[in-house]
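Engineer: Encoded as structure tokens, here's the structure I'll be asking about.
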Amino acid sequence: MSRWRYFFQRVLLSIPILFLVMTVIFVILRMGPLDPVAAMLGPEASGVQAAEIRENMGLNEPLWRQYIDYMFNLVTFNFGQSYVIQSGRSVNTLIAIYAPRTIWLGFWAVLLPLFIGIPLGFYAGLNPNSWGDYIASFSGIVWLAMPNFWLAIMLLAVLRRTQGGGFLGFDWYTIGPEVRSLIGTPPLDFIGFEEWQSLGMVPMPSGFYFDGGTLAVAIKVILPAAVVLGSASMASELRIGRTAILETINSNYVETAKAKGLSGRVILWKHVFRNALIPLVPIITNEALLLLGGSVIVEVIFGINGLGRLFFFSATQGDLPLAGALIFIFTLITISLNILQDFLYTILDPRVGYEQ
Amino acid sequence: MESPAQTARADTDPIVEVRNLQTAFYTDKEVIRAVDGVSFDLTPGETVGIVGESGSGKSVTARSMMGLVDNPGVILAGSSIRFTHLETVREFATKFSRRTVDVEELEAEHDVRSLLERPGIDVTPAQLGYDSVESMTIADLLAAGYGDQLGLTDGDDCVFITEQSSGEVVDGFIEITRLEGKPQRAMRGGKIAMVFQDPLTSLNPVYTVGNQIKEALRLHQDLSGRAATKEAISLLEAVGIPDSRRRVAEYPHQFSGGMRQRAVIAMALACDPEVLICDEPTTALDVTIQAQILELLEELQEKRDLAIMFITHDMGVIAEVADRVNVMYAGETVETADVHTLFANPKHPYTEGLLQSIPGRQEGDRLQTIEGNVPTPNEPPTFCRFAPRCPKAFESCDSVHPVSVPVESGVDDHTAACLLYPEDVSEIDRIERHSETQSTEGEH
């Protein structure tokens with residue numbers, strides 16, 4: 001009981017955090033060195049036109065008034081229009097176009113370490129000081145040491161050499177579904193809804209299509225980027241997973257379980273894994289957070305038109321509504337990941353929130 | 001139904017016979033003989049106390065009996081731990097018939113002397129702790145693990161039947177050192193249960209206490225669902241946990257230390273074992289809780305006719321719980337006696353030292369201690385391992401390894417491994433007696 005109360009406490013606590021972050025964004029955007037009018041019209045903007053825009057955008061209102069409007073708009077997801085990047089288009093439309101690509105990238109970048117890093121780490125932990133362990137641990141350190149931007153470029157260079165059957169003996173371009181370019185935005189129209197029916201007031205999709213070929217292409221295009229983006233987290237999950245297993249398997253309750261006569265399989269799956277997952281939870285959610293920041297670099301190098309790239313350009317070109325909206329969304333993601341982490345903790349570990 | 005003779009046999013005869021148990025740990029640097037030739041019996045309804053300083057091999061003895069000795073530890077050939085509970089032998093003989101050996105059949109074909117003379121068999125009766133070839137049986141040889149070499153047994157044979165009449169098993173044993181896989185898991189928990197030292201960490205923190213008890217019930221008693229929960233509640237009640245209906249659904253961290261140890265004991269008893277091994281179960285608890293736990297164990301022993309092996313370094317605890325006491329030092333049993341004799345009339349200088357270091361028993365103001373530490377037994381013994389710390393050591397102690405002998409001629413149940421005994425024999429004869437056994441051991 002107390003642990004669920006603890007969880008709801010954490011959820012409630014995230015609300016003031018969200019408000020604090022929104023205020024900070026407001027302060028940075030409105031009081032920072034960037035003049036939105038200058039960003040729209042160029043540095044020499046002056047005269048009647050500038051004054052008009054200033055009036056239209058409400059920049060002449062008193063600051064507290066602007067603050068309330070701004071907060072209200074954010075909370076209702078009314079982000080306004082882009083100034084510079086795609087002048088005149090609503091920020092919501094832009095996000096709807098760009099976000100799926102980043103989510104696709106992030107999905108694979110989280111999935112790969114989860115299903116490669118953790119099993120490898122568990123394997124190494126269950127066979128400590130074997131050759132398998134040495135190889136896994138050593139490559140973990142190497143993976144961890146390679147920075148994203150460098151690894152991305154090297155991977156592209158190697159893959160490009162394979163065109164027409166290079167020194168690696170396979171052609172990345174033709175293996176599986178054919179692709180013409182290594183970089184670019186993955187096609188995400190492999191699934192979609194064709195018909196919509198209104199069920200009372202709510203529109204419901206009644207037919208959808210699915211294209212396996214496009215899906216394969218989408219996966220293939222995203223894989224190199226996802227491997228690069230996930231490499232660091234894969235390595236750290238491997239290392240933490242190994243330590244967690246080693247620590248758990250030598251604990252007294254595993255000995256007790258053995259003395260009870262349980263089979264090795266039950267001990268492993270019931271007693272070892274669940275306890276070993278506890279230290280991994282914050283690692284996984286933290287890695288997912290890092291992916292957000294890392295995705296900016298990887299998206300630029302791999303030419304993926306995603307949120308990271310959009311944020312990069314909106315920030316450098318002074319597109320304040322867009323940049324502000326994106327920071328707000330990143331904040332929302334961060335907070336929900338933290339809540340997810342607390343949720344997983346609450347499920348996995350009954351001791352959570354016990355000490356009051 | 002069993003005949004009265006058999007029932008009588010079951011009451012007085014040992015249920016576990018440990019013979020010449022040797023457990024060694026192989027490290028890069030050295031071989032540590034953590035347990036080096038220990039022998040004792042466990043009898044239903046009786047508590048055997050094992051006492052000694054840290055590092056004397058008490059816990060490794062317990063772990064060897066549970067089959068919990070992990071790499072790099074190995075139970076050496078020549079060791080034997082026999083589980084002689086007749087019903088269990090019958091049960092195992094039916095359940096694991098492929099791993100059962102009929103010793104009578106082998107006895108008809110072979111005799112011990114010719115087996116020992118075979119080339120490639122590098123063992124003497126003395127090494128296994130027997131006086132002569134005549135006092136050994138084929139079963140002894142098989143239990144000590146030489147059956148595979150002789151081609152008499154397969155690697156996974158573990159049930160030995162020594163006597164049958166009209167298809168019914170009358171006598172036999174399960175060799176614990178040869179157990180592995182399924183029969184081992186059936187033995188662990190089901191027949192021999194263990195309570196560990198630290199109750200705070202020996203329960204899994206992420207599962208409820210009830211869940212962990214039910215796990216054992218499902219495994220050995222075939223109980224599940226509501227029946228298992230009910231049984232778990234009554235087990236918690238039996239070990240004195242109040243409000244057990246609510247407690248069964250709580251997590252270990254919601255229990256206090258003493259309560260947790262009670263829960264661990266409940267878990268150990270869940271499968272109705274014949275033997276309970278307690279490895280310092282009260283060391284982590286304060287004295288009032290310790291007294292409660294000891295009382296509980298006594299009560300349970302009476303009710304369930306348990307054979308208890310109680311490991312501790314606390315002489316006070318031993319005095320309270322044990323019927324017989326084995327004093328261990330550096331992997332060897334140095335003295336064994338029943339508890340009253342041991343406390344009233346300790347013979348081995350080490351036992352004397354241990355008793356003197358109990359607060360309140362010393363002469364004068366200062367508490368007497370035994371100087372120094374337990375040595376690491378990393379070489380075969382050719383001298384008395386206690387000699388460097390012994391106040392009564394003399395010249396021969398550095399060159400002769402003492403063996404367990406009666407402290408006096410004619411006294412059988414009080415032995416000491418010390419060159420000072422048997423007391424009524426002259427020194428030259430004593431040393432001869434100790435070194436005689438050693439020289440036959442030393443041939444190999």
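Lettering and numbering for the structure tokens are positional, with chains as A, B, ... in the shown order, residues counted from 1 in each chain, and ligands counted from 1 in the shown order.
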Write out as a ChimeraX atom specification the residues lying within 9 Å of stretch 387-391 of chain B, counting only C-alpha atoms and excluding same-chain residues fewer than 3 positions away.

Structural biologist: /B:349-350,353,370-374,383-384,394,397-398

Engineer: In stretch 48-226 of chain A, what's helix (DSSP H, G or I) per DSSP? Answer as a PyMOL selection string?

Structural biologist: chain A and resi 48-56+63-75+91-126+131-145+148-161+212-226

Engineer: Nearest to chain B: which of A:Phe312, A:Phe343, A:Tyr173, A:Phe273 is it, counting only C-alpha atoms?

Structural biologist: A:Phe273

Engineer: Can you pull out the residues contacting A:Ser137? Cut-off 12 Å, using only C-alpha atoms, and skip same-chain residues under 5 positions away; I want them as a PDB file with N, CA and C atoms, in the first residue's frame.

Structural biologist:
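As written to disk, out.pdb reads:
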```pdb
ATOM      1  N   GLY A 117      22.471  -5.674 -25.138  1.00  0.00           N
ATOM      2  CA  GLY A 117      23.331  -5.320 -24.002  1.00  0.00           C
ATOM      3  C   GLY A 117      23.000  -6.109 -22.749  1.00  0.00           C
ATOM      4  N   ILE A 118      21.718  -6.147 -22.378  1.00  0.00           N
ATOM      5  CA  ILE A 118      21.357  -6.799 -21.117  1.00  0.00           C
ATOM      6  C   ILE A 118      21.570  -8.318 -21.173  1.00  0.00           C
ATOM      7  N   LEU A 120      23.681  -9.929 -23.006  1.00  0.00           N
ATOM      8  CA  LEU A 120      25.134 -10.158 -23.002  1.00  0.00           C
ATOM      9  C   LEU A 120      25.691  -9.964 -21.599  1.00  0.00           C
ATOM     10  N   GLY A 121      25.223  -8.907 -20.925  1.00  0.00           N
ATOM     11  CA  GLY A 121      25.690  -8.635 -19.568  1.00  0.00           C
ATOM     12  C   GLY A 121      25.313  -9.767 -18.631  1.00  0.00           C
ATOM     13  N   PHE A 122      24.082 -10.266 -18.760  1.00  0.00           N
ATOM     14  CA  PHE A 122      23.640 -11.373 -17.917  1.00  0.00           C
ATOM     15  C   PHE A 122      24.462 -12.621 -18.208  1.00  0.00           C
ATOM     16  N   TYR A 123      24.737 -12.835 -19.495  1.00  0.00           N
ATOM     17  CA  TYR A 123      25.557 -13.994 -19.852  1.00  0.00           C
ATOM     18  C   TYR A 123      26.931 -13.891 -19.194  1.00  0.00           C
ATOM     19  N   ALA A 124      27.533 -12.685 -19.312  1.00  0.00           N
ATOM     20  CA  ALA A 124      28.865 -12.491 -18.740  1.00  0.00           C
ATOM     21  C   ALA A 124      28.833 -12.681 -17.229  1.00  0.00           C
ATOM     22  N   GLY A 125      27.740 -12.209 -16.590  1.00  0.00           N
ATOM     23  CA  GLY A 125      27.643 -12.331 -15.143  1.00  0.00           C
ATOM     24  C   GLY A 125      27.451 -13.770 -14.695  1.00  0.00           C
ATOM     25  N   ASN A 127      28.618 -16.352 -16.314  1.00  0.00           N
ATOM     26  CA  ASN A 127      29.843 -17.113 -16.593  1.00  0.00           C
ATOM     27  C   ASN A 127      31.057 -16.239 -16.306  1.00  0.00           C
ATOM     28  N   PRO A 128      31.220 -15.815 -15.067  1.00  0.00           N
ATOM     29  CA  PRO A 128      32.289 -14.862 -14.790  1.00  0.00           C
ATOM     30  C   PRO A 128      33.658 -15.485 -15.048  1.00  0.00           C
ATOM     31  N   ASN A 129      34.577 -14.646 -15.532  1.00  0.00           N
ATOM     32  CA  ASN A 129      35.956 -15.031 -15.775  1.00  0.00           C
ATOM     33  C   ASN A 129      36.098 -16.150 -16.796  1.00  0.00           C
ATOM     34  N   SER A 130      35.099 -16.247 -17.694  1.00  0.00           N
ATOM     35  CA  SER A 130      35.261 -17.159 -18.816  1.00  0.00           C
ATOM     36  C   SER A 130      35.670 -16.315 -20.027  1.00  0.00           C
ATOM     37  N   TRP A 131      35.998 -16.965 -21.118  1.00  0.00           N
ATOM     38  CA  TRP A 131      36.395 -16.198 -22.305  1.00  0.00           C
ATOM     39  C   TRP A 131      35.241 -15.348 -22.819  1.00  0.00           C
ATOM     40  N   GLY A 132      34.030 -15.944 -22.760  1.00  0.00           N
ATOM     41  CA  GLY A 132      32.861 -15.179 -23.181  1.00  0.00           C
ATOM     42  C   GLY A 132      32.723 -13.895 -22.387  1.00  0.00           C
ATOM     43  N   VAL A 142      35.143  -0.925 -25.029  1.00  0.00           N
ATOM     44  CA  VAL A 142      35.452  -0.301 -26.315  1.00  0.00           C
ATOM     45  C   VAL A 142      34.235   0.462 -26.840  1.00  0.00           C
ATOM     46  N   TRP A 143      33.086  -0.166 -26.805  1.00  0.00           N
ATOM     47  CA  TRP A 143      31.843   0.486 -27.247  1.00  0.00           C
ATOM     48  C   TRP A 143      31.630   1.797 -26.504  1.00  0.00           C
ATOM     49  N   LEU A 144      31.833   1.709 -25.167  1.00  0.00           N
ATOM     50  CA  LEU A 144      31.555   2.861 -24.324  1.00  0.00           C
ATOM     51  C   LEU A 144      32.498   4.013 -24.649  1.00  0.00           C
ATOM     52  N   MET A 234      24.158   0.530 -24.751  1.00  0.00           N
ATOM     53  CA  MET A 234      24.323  -0.912 -24.826  1.00  0.00           C
ATOM     54  C   MET A 234      25.492  -1.334 -23.932  1.00  0.00           C
ATOM     55  N   ALA A 235      26.590  -0.609 -24.039  1.00  0.00           N
ATOM     56  CA  ALA A 235      27.776  -0.954 -23.268  1.00  0.00           C
ATOM     57  C   ALA A 235      27.527  -0.781 -21.774  1.00  0.00           C
ATOM     58  N   SER A 236      26.871   0.312 -21.392  1.00  0.00           N
ATOM     59  CA  SER A 236      26.723   0.492 -19.943  1.00  0.00           C
ATOM     60  C   SER A 236      25.691  -0.481 -19.380  1.00  0.00           C
ATOM     61  N   GLU A 237      24.683  -0.819 -20.180  1.00  0.00           N
ATOM     62  CA  GLU A 237      23.736  -1.823 -19.696  1.00  0.00           C
ATOM     63  C   GLU A 237      24.416  -3.180 -19.557  1.00  0.00           C
ATOM     64  N   LEU A 238      25.325  -3.468 -20.478  1.00  0.00           N
ATOM     65  CA  LEU A 238      26.082  -4.720 -20.389  1.00  0.00           C
ATOM     66  C   LEU A 238      26.867  -4.771 -19.089  1.00  0.00           C
ATOM     67  N   ARG A 239      27.557  -3.682 -18.802  1.00  0.00           N
ATOM     68  CA  ARG A 239      28.425  -3.694 -17.625  1.00  0.00           C
ATOM     69  C   ARG A 239      27.618  -3.730 -16.331  1.00  0.00           C
ATOM     70  N   ILE A 240      26.558  -2.917 -16.274  1.00  0.00           N
ATOM     71  CA  ILE A 240      25.744  -2.918 -15.054  1.00  0.00           C
ATOM     72  C   ILE A 240      25.037  -4.269 -14.901  1.00  0.00           C
ATOM     73  N   GLY A 241      24.574  -4.820 -16.035  1.00  0.00           N
ATOM     74  CA  GLY A 241      23.903  -6.115 -15.993  1.00  0.00           C
ATOM     75  C   GLY A 241      24.822  -7.199 -15.451  1.00  0.00           C
ATOM     76  N   ARG A 242      26.060  -7.175 -15.866  1.00  0.00           N
ATOM     77  CA  ARG A 242      27.026  -8.163 -15.400  1.00  0.00           C
ATOM     78  C   ARG A 242      27.218  -8.038 -13.889  1.00  0.00           C
ATOM     79  N   THR A 243      27.461  -6.804 -13.432  1.00  0.00           N
ATOM     80  CA  THR A 243      27.670  -6.590 -12.001  1.00  0.00           C
ATOM     81  C   THR A 243      26.442  -7.010 -11.201  1.00  0.00           C
TER      82      THR A 243
END
```

Engineer: So that I can check the surroundings of B:Val60, please list as a ChimeraX atom specification every protein, DNA and RNA residue that reaches within 10 Å of it, counting only C-alpha atoms and ignoring chain neighbours fewer than 5 positions away.

Structural biologist: /B:22-24,34-35,55,65-66,68-69,73,279,331

Engineer: For the residues selected in the previous step, produce a file with N, CA and C atoms as a tab-separated table (two decimals), in the first residue's frame.

Structural biologist:
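So selection-v9.tsv came out as:
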```tsv
chain	number	residue	atom	x	y	z
B	22	GLN	N	36.35	-34.94	3.58
B	22	GLN	CA	37.46	-34.06	3.21
B	22	GLN	C	36.97	-33.13	2.13
B	23	THR	N	36.98	-31.86	2.42
B	23	THR	CA	36.61	-30.86	1.41
B	23	THR	C	37.77	-29.90	1.24
B	24	ALA	N	38.20	-29.76	-0.01
B	24	ALA	CA	39.36	-28.91	-0.26
B	24	ALA	C	39.00	-27.83	-1.27
B	34	ALA	N	39.89	-27.34	3.86
B	34	ALA	CA	39.00	-26.67	4.82
B	34	ALA	C	38.39	-27.68	5.79
B	35	VAL	N	38.06	-28.85	5.27
B	35	VAL	CA	37.60	-29.93	6.14
B	35	VAL	C	38.50	-31.12	5.83
B	55	GLY	N	36.95	-20.10	10.70
B	55	GLY	CA	38.00	-20.69	9.88
B	55	GLY	C	38.37	-22.09	10.30
B	65	MET	N	27.47	-31.21	3.43
B	65	MET	CA	26.32	-32.09	3.65
B	65	MET	C	25.13	-31.68	2.80
B	66	MET	N	25.07	-30.39	2.45
B	66	MET	CA	23.96	-29.91	1.61
B	66	MET	C	24.30	-30.00	0.13
B	68	LEU	N	26.39	-27.96	-1.23
B	68	LEU	CA	26.45	-26.55	-1.61
B	68	LEU	C	27.89	-26.05	-1.75
B	69	VAL	N	28.84	-26.98	-1.81
B	69	VAL	CA	30.22	-26.56	-1.98
B	69	VAL	C	30.43	-26.19	-3.44
B	73	GLY	N	35.73	-25.35	-4.64
B	73	GLY	CA	35.74	-26.35	-3.60
B	73	GLY	C	35.36	-27.73	-4.12
B	279	ASP	N	23.39	-23.24	10.73
B	279	ASP	CA	24.72	-22.66	10.63
B	279	ASP	C	24.72	-21.31	11.34
B	331	GLY	N	39.94	-27.60	10.36
B	331	GLY	CA	39.45	-28.64	9.46
B	331	GLY	C	39.37	-30.02	10.08
```

Engineer: For the contact check between chain B and chain A, emit one row per residue of chain B within 10 Å, containing the shortest atom pair and the distance in Å rounded to one decimal, counting only C-alpha atoms, chain then rising number order, as a Markdown table.

Structural biologist:
```
| residue | atom | partner | partner_atom | distance |
| --- | --- | --- | --- | --- |
| B:Arg63 | CA | A:Ala259 | CA | 9.2 |
| B:Met66 | CA | A:Ala259 | CA | 6.9 |
| B:Gly67 | CA | A:Ala259 | CA | 8.6 |
| B:Leu68 | CA | A:Ala259 | CA | 7.5 |
| B:Gly181 | CA | A:Ser263 | CA | 8.4 |
| B:Lys182 | CA | A:Ser263 | CA | 8.3 |
| B:Pro183 | CA | A:Gly261 | CA | 9.6 |
| B:Gln184 | CA | A:Gly261 | CA | 7.6 |
| B:Arg185 | CA | A:Gly261 | CA | 4.2 |
| B:Ala186 | CA | A:Gly261 | CA | 6.3 |
| B:Met187 | CA | A:Gly261 | CA | 7.2 |
| B:Arg188 | CA | A:Gly261 | CA | 4.7 |
| B:Gly189 | CA | A:Lys260 | CA | 4.2 |
| B:Gly190 | CA | A:Gly261 | CA | 7.3 |
| B:Lys191 | CA | A:Gly261 | CA | 9.8 |
| B:Ile192 | CA | A:Ala259 | CA | 8.6 |
| B:Ala193 | CA | A:Ala259 | CA | 6.7 |
| B:Met194 | CA | A:Ala259 | CA | 6.5 |
| B:Val195 | CA | A:Thr256 | CA | 8.0 |
| B:Phe196 | CA | A:Thr256 | CA | 7.4 |
| B:Gln197 | CA | A:Asn252 | CA | 9.2 |
| B:Asp198 | CA | A:Asn252 | CA | 8.0 |
| B:Pro199 | CA | A:Asn252 | CA | 9.1 |
| B:Leu200 | CA | A:Asn252 | CA | 9.2 |
| B:Thr201 | CA | A:Asn252 | CA | 5.7 |
| B:Ser202 | CA | A:Tyr253 | CA | 4.1 |
| B:Leu203 | CA | A:Tyr253 | CA | 5.0 |
| B:Asn204 | CA | A:Tyr253 | CA | 5.2 |
| B:Pro205 | CA | A:Pro350 | CA | 7.5 |
| B:Val206 | CA | A:Asp349 | CA | 5.6 |
| B:Tyr207 | CA | A:Pro350 | CA | 7.9 |
| B:Thr208 | CA | A:Pro350 | CA | 9.0 |
| B:Gln212 | CA | A:Ala257 | CA | 8.7 |
| B:Ile213 | CA | A:Lys260 | CA | 9.6 |
| B:Glu215 | CA | A:Leu262 | CA | 8.4 |
| B:Ala216 | CA | A:Lys260 | CA | 6.3 |
| B:Leu217 | CA | A:Lys260 | CA | 9.8 |
| B:Leu219 | CA | A:Leu262 | CA | 7.4 |
| B:His220 | CA | A:Gly261 | CA | 8.5 |
| B:Glu250 | CA | A:Pro350 | CA | 9.6 |
| B:Tyr251 | CA | A:Pro350 | CA | 7.3 |
| B:Pro252 | CA | A:Arg351 | CA | 9.2 |
| B:His253 | CA | A:Arg351 | CA | 6.9 |
| B:Gln254 | CA | A:Arg351 | CA | 8.8 |
| B:Val264 | CA | A:Thr256 | CA | 8.8 |
| B:Met267 | CA | A:Lys260 | CA | 8.2 |
| B:Ala268 | CA | A:Lys260 | CA | 7.2 |
| B:Ala270 | CA | A:Lys260 | CA | 9.5 |
| B:Cys271 | CA | A:Lys260 | CA | 8.8 |
```

Engineer: Produce a file of the selected residues containing N, CA and C atoms, as a short mmCIF file (atom, residue, chain, number, x, y, z; two decimals), in the first residue's frame.

Structural biologist:
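See out.cif below for the written result:
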```cif
data_model
loop_
_atom_site.label_atom_id
_atom_site.label_comp_id
_atom_site.auth_asym_id
_atom_site.auth_seq_id
_atom_site.Cartn_x
_atom_site.Cartn_y
_atom_site.Cartn_z
N ARG B 63 27.99 -27.16 4.51
CA ARG B 63 27.77 -27.01 3.07
C ARG B 63 28.03 -28.31 2.32
N MET B 66 25.07 -30.39 2.45
CA MET B 66 23.96 -29.91 1.61
C MET B 66 24.30 -30.00 0.13
N GLY B 67 25.54 -30.35 -0.19
CA GLY B 67 25.97 -30.31 -1.59
C GLY B 67 26.08 -28.90 -2.10
N LEU B 68 26.39 -27.96 -1.23
CA LEU B 68 26.45 -26.55 -1.61
C LEU B 68 27.89 -26.05 -1.75
N GLY B 181 21.91 -33.32 -9.54
CA GLY B 181 20.68 -33.18 -10.31
C GLY B 181 19.44 -33.41 -9.46
N LYS B 182 18.51 -34.20 -10.01
CA LYS B 182 17.19 -34.35 -9.40
C LYS B 182 17.22 -34.93 -7.99
N PRO B 183 17.91 -36.07 -7.79
CA PRO B 183 17.91 -36.61 -6.42
C PRO B 183 18.55 -35.63 -5.43
N GLN B 184 19.52 -34.87 -5.88
CA GLN B 184 20.13 -33.91 -4.97
C GLN B 184 19.11 -32.85 -4.54
N ARG B 185 18.31 -32.37 -5.54
CA ARG B 185 17.33 -31.36 -5.19
C ARG B 185 16.22 -31.92 -4.31
N ALA B 186 15.93 -33.23 -4.50
CA ALA B 186 14.92 -33.85 -3.65
C ALA B 186 15.44 -33.98 -2.22
N MET B 187 16.74 -34.17 -2.10
CA MET B 187 17.35 -34.31 -0.78
C MET B 187 17.42 -32.96 -0.07
N ARG B 188 17.91 -31.97 -0.79
CA ARG B 188 18.01 -30.62 -0.24
C ARG B 188 16.62 -30.10 0.09
N GLY B 189 16.47 -29.61 1.26
CA GLY B 189 15.17 -29.04 1.62
C GLY B 189 14.18 -30.13 2.00
N GLY B 190 14.06 -31.15 1.17
CA GLY B 190 13.09 -32.20 1.42
C GLY B 190 13.48 -33.10 2.58
N LYS B 191 14.76 -33.48 2.63
CA LYS B 191 15.20 -34.40 3.68
C LYS B 191 16.16 -33.71 4.65
N ILE B 192 17.04 -32.88 4.09
CA ILE B 192 17.97 -32.13 4.94
C ILE B 192 17.73 -30.66 4.65
N ALA B 193 17.35 -29.92 5.67
CA ALA B 193 17.12 -28.48 5.47
C ALA B 193 18.18 -27.71 6.24
N MET B 194 18.36 -26.45 5.83
CA MET B 194 19.42 -25.68 6.44
C MET B 194 18.92 -24.29 6.80
N VAL B 195 19.35 -23.81 7.95
CA VAL B 195 19.05 -22.44 8.37
C VAL B 195 20.38 -21.70 8.39
N PHE B 196 20.41 -20.57 7.68
CA PHE B 196 21.69 -19.89 7.53
C PHE B 196 21.91 -18.85 8.61
N GLN B 197 23.12 -18.32 8.57
CA GLN B 197 23.58 -17.45 9.63
C GLN B 197 22.81 -16.13 9.70
N ASP B 198 22.65 -15.48 8.55
CA ASP B 198 22.17 -14.10 8.58
C ASP B 198 20.72 -14.02 8.12
N PRO B 199 19.78 -13.92 9.06
CA PRO B 199 18.38 -13.91 8.66
C PRO B 199 18.02 -12.67 7.86
N LEU B 200 18.82 -11.60 8.00
CA LEU B 200 18.47 -10.35 7.32
C LEU B 200 18.65 -10.48 5.82
N THR B 201 19.54 -11.35 5.38
CA THR B 201 19.78 -11.44 3.94
C THR B 201 19.41 -12.80 3.37
N SER B 202 18.93 -13.72 4.19
CA SER B 202 18.69 -15.03 3.59
C SER B 202 17.26 -15.19 3.07
N LEU B 203 16.48 -14.11 3.11
CA LEU B 203 15.19 -14.14 2.42
C LEU B 203 15.26 -13.19 1.23
N ASN B 204 14.65 -13.59 0.14
CA ASN B 204 14.65 -12.74 -1.05
C ASN B 204 13.77 -11.51 -0.81
N PRO B 205 14.34 -10.30 -0.93
CA PRO B 205 13.59 -9.10 -0.56
C PRO B 205 12.40 -8.80 -1.46
N VAL B 206 12.34 -9.35 -2.66
CA VAL B 206 11.27 -8.93 -3.56
C VAL B 206 10.07 -9.88 -3.58
N TYR B 207 10.11 -10.93 -2.77
CA TYR B 207 8.94 -11.81 -2.70
C TYR B 207 8.42 -11.87 -1.26
N THR B 208 7.12 -12.08 -1.12
CA THR B 208 6.56 -12.15 0.23
C THR B 208 7.09 -13.39 0.93
N GLN B 212 7.75 -17.41 -0.46
CA GLN B 212 8.98 -18.20 -0.36
C GLN B 212 8.76 -19.50 0.39
N ILE B 213 7.81 -19.49 1.32
CA ILE B 213 7.50 -20.75 2.01
C ILE B 213 6.74 -21.67 1.07
N GLU B 215 6.86 -21.82 -2.05
CA GLU B 215 7.76 -22.36 -3.06
C GLU B 215 8.30 -23.72 -2.63
N ALA B 216 8.71 -23.78 -1.35
CA ALA B 216 9.24 -25.04 -0.83
C ALA B 216 8.13 -26.08 -0.72
N LEU B 217 6.93 -25.64 -0.33
CA LEU B 217 5.82 -26.58 -0.20
C LEU B 217 5.46 -27.20 -1.54
N LEU B 219 7.37 -27.60 -4.02
CA LEU B 219 8.46 -28.44 -4.50
C LEU B 219 8.43 -29.83 -3.88
N HIS B 220 8.27 -29.88 -2.56
CA HIS B 220 8.45 -31.16 -1.88
C HIS B 220 7.16 -31.78 -1.39
N GLU B 250 3.27 -10.50 3.87
CA GLU B 250 4.19 -9.37 4.00
C GLU B 250 5.57 -9.70 3.47
N TYR B 251 6.33 -8.64 3.20
CA TYR B 251 7.67 -8.82 2.65
C TYR B 251 8.69 -8.93 3.78
N PRO B 252 9.85 -9.54 3.47
CA PRO B 252 10.85 -9.72 4.53
C PRO B 252 11.23 -8.42 5.24
N HIS B 253 11.24 -7.28 4.50
CA HIS B 253 11.70 -6.07 5.17
C HIS B 253 10.69 -5.56 6.19
N GLN B 254 9.50 -6.14 6.19
CA GLN B 254 8.51 -5.75 7.19
C GLN B 254 8.63 -6.60 8.45
N VAL B 264 12.62 -18.04 8.37
CA VAL B 264 13.56 -18.93 7.68
C VAL B 264 13.43 -20.35 8.22
N MET B 267 10.46 -21.90 6.81
CA MET B 267 10.72 -22.31 5.44
C MET B 267 11.48 -23.62 5.41
N ALA B 268 12.46 -23.76 6.32
CA ALA B 268 13.26 -24.98 6.36
C ALA B 268 12.38 -26.17 6.76
N ALA B 270 9.24 -26.44 6.16
CA ALA B 270 8.10 -26.58 5.27
C ALA B 270 8.03 -27.97 4.64
N CYS B 271 9.18 -28.54 4.37
CA CYS B 271 9.17 -29.80 3.65
C CYS B 271 9.31 -30.98 4.59
#
```

Engineer: Fewer than 3 positions away in the same chain doesn't count, so skip those; otherwise give me all residues within 8 Å of B:Gln149, counting only C-alpha atoms, as a VMD selection string.

Structural biologist: chain B and resid 121 146 152

Engineer: Could you give me the residues within stretch 281-420 of chain B that DSSP places in strand (DSSP E or B), as a ChimeraX atom specification?

Structural biologist: /B:307-312,324-329,332-338,405-406,415-416

Engineer: For each of A:Ile222, A:Leu63, A:Val21, A:Ile283, take the minimum atom-to-atom distance to A:Ile103, counting only C-alpha atoms, then give the residue where this is smallest.

Structural biologist: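 Of all the options, A:Ile222 lies closest to A:Ile103.
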
Engineer: Could you name the residues that touch A:Pro36 at 10 Å or less, counting only C-alpha atoms, but leaving out those on the same chain fewer than 4 positions away, as a JSON list (two decimals) with C-alpha atoms, in the first residue's frame?

Structural biologist:
```
[["chain", "number", "residue", "atom", "x", "y", "z"],
["A", 29, "LEU", "CA", 13.15, 32.87, -24.70],
["A", 30, "ARG", "CA", 11.70, 36.28, -23.86],
["A", 40, "MET", "CA", 11.87, 36.95, -38.79],
["A", 41, "LEU", "CA", 12.78, 39.99, -40.81],
["A", 42, "GLY", "CA", 16.53, 39.99, -40.65],
["A", 53, "ILE", "CA", 4.61, 42.37, -36.06],
["A", 54, "ARG", "CA", 5.62, 43.33, -32.56],
["A", 57, "MET", "CA", 2.73, 38.93, -31.52],
["A", 59, "LEU", "CA", 5.25, 41.63, -27.52],
["A", 83, "TYR", "CA", 8.49, 32.13, -37.32],
["A", 84, "VAL", "CA", 11.45, 31.14, -39.38],
["A", 317, "GLN", "CA", 17.80, 30.40, -36.30],
["A", 318, "GLY", "CA", 15.81, 31.92, -33.47],
["A", 319, "ASP", "CA", 12.49, 30.26, -34.18],
["A", 320, "LEU", "CA", 11.28, 30.90, -30.66],
["A", 321, "PRO", "CA", 7.81, 29.30, -30.65]]
```
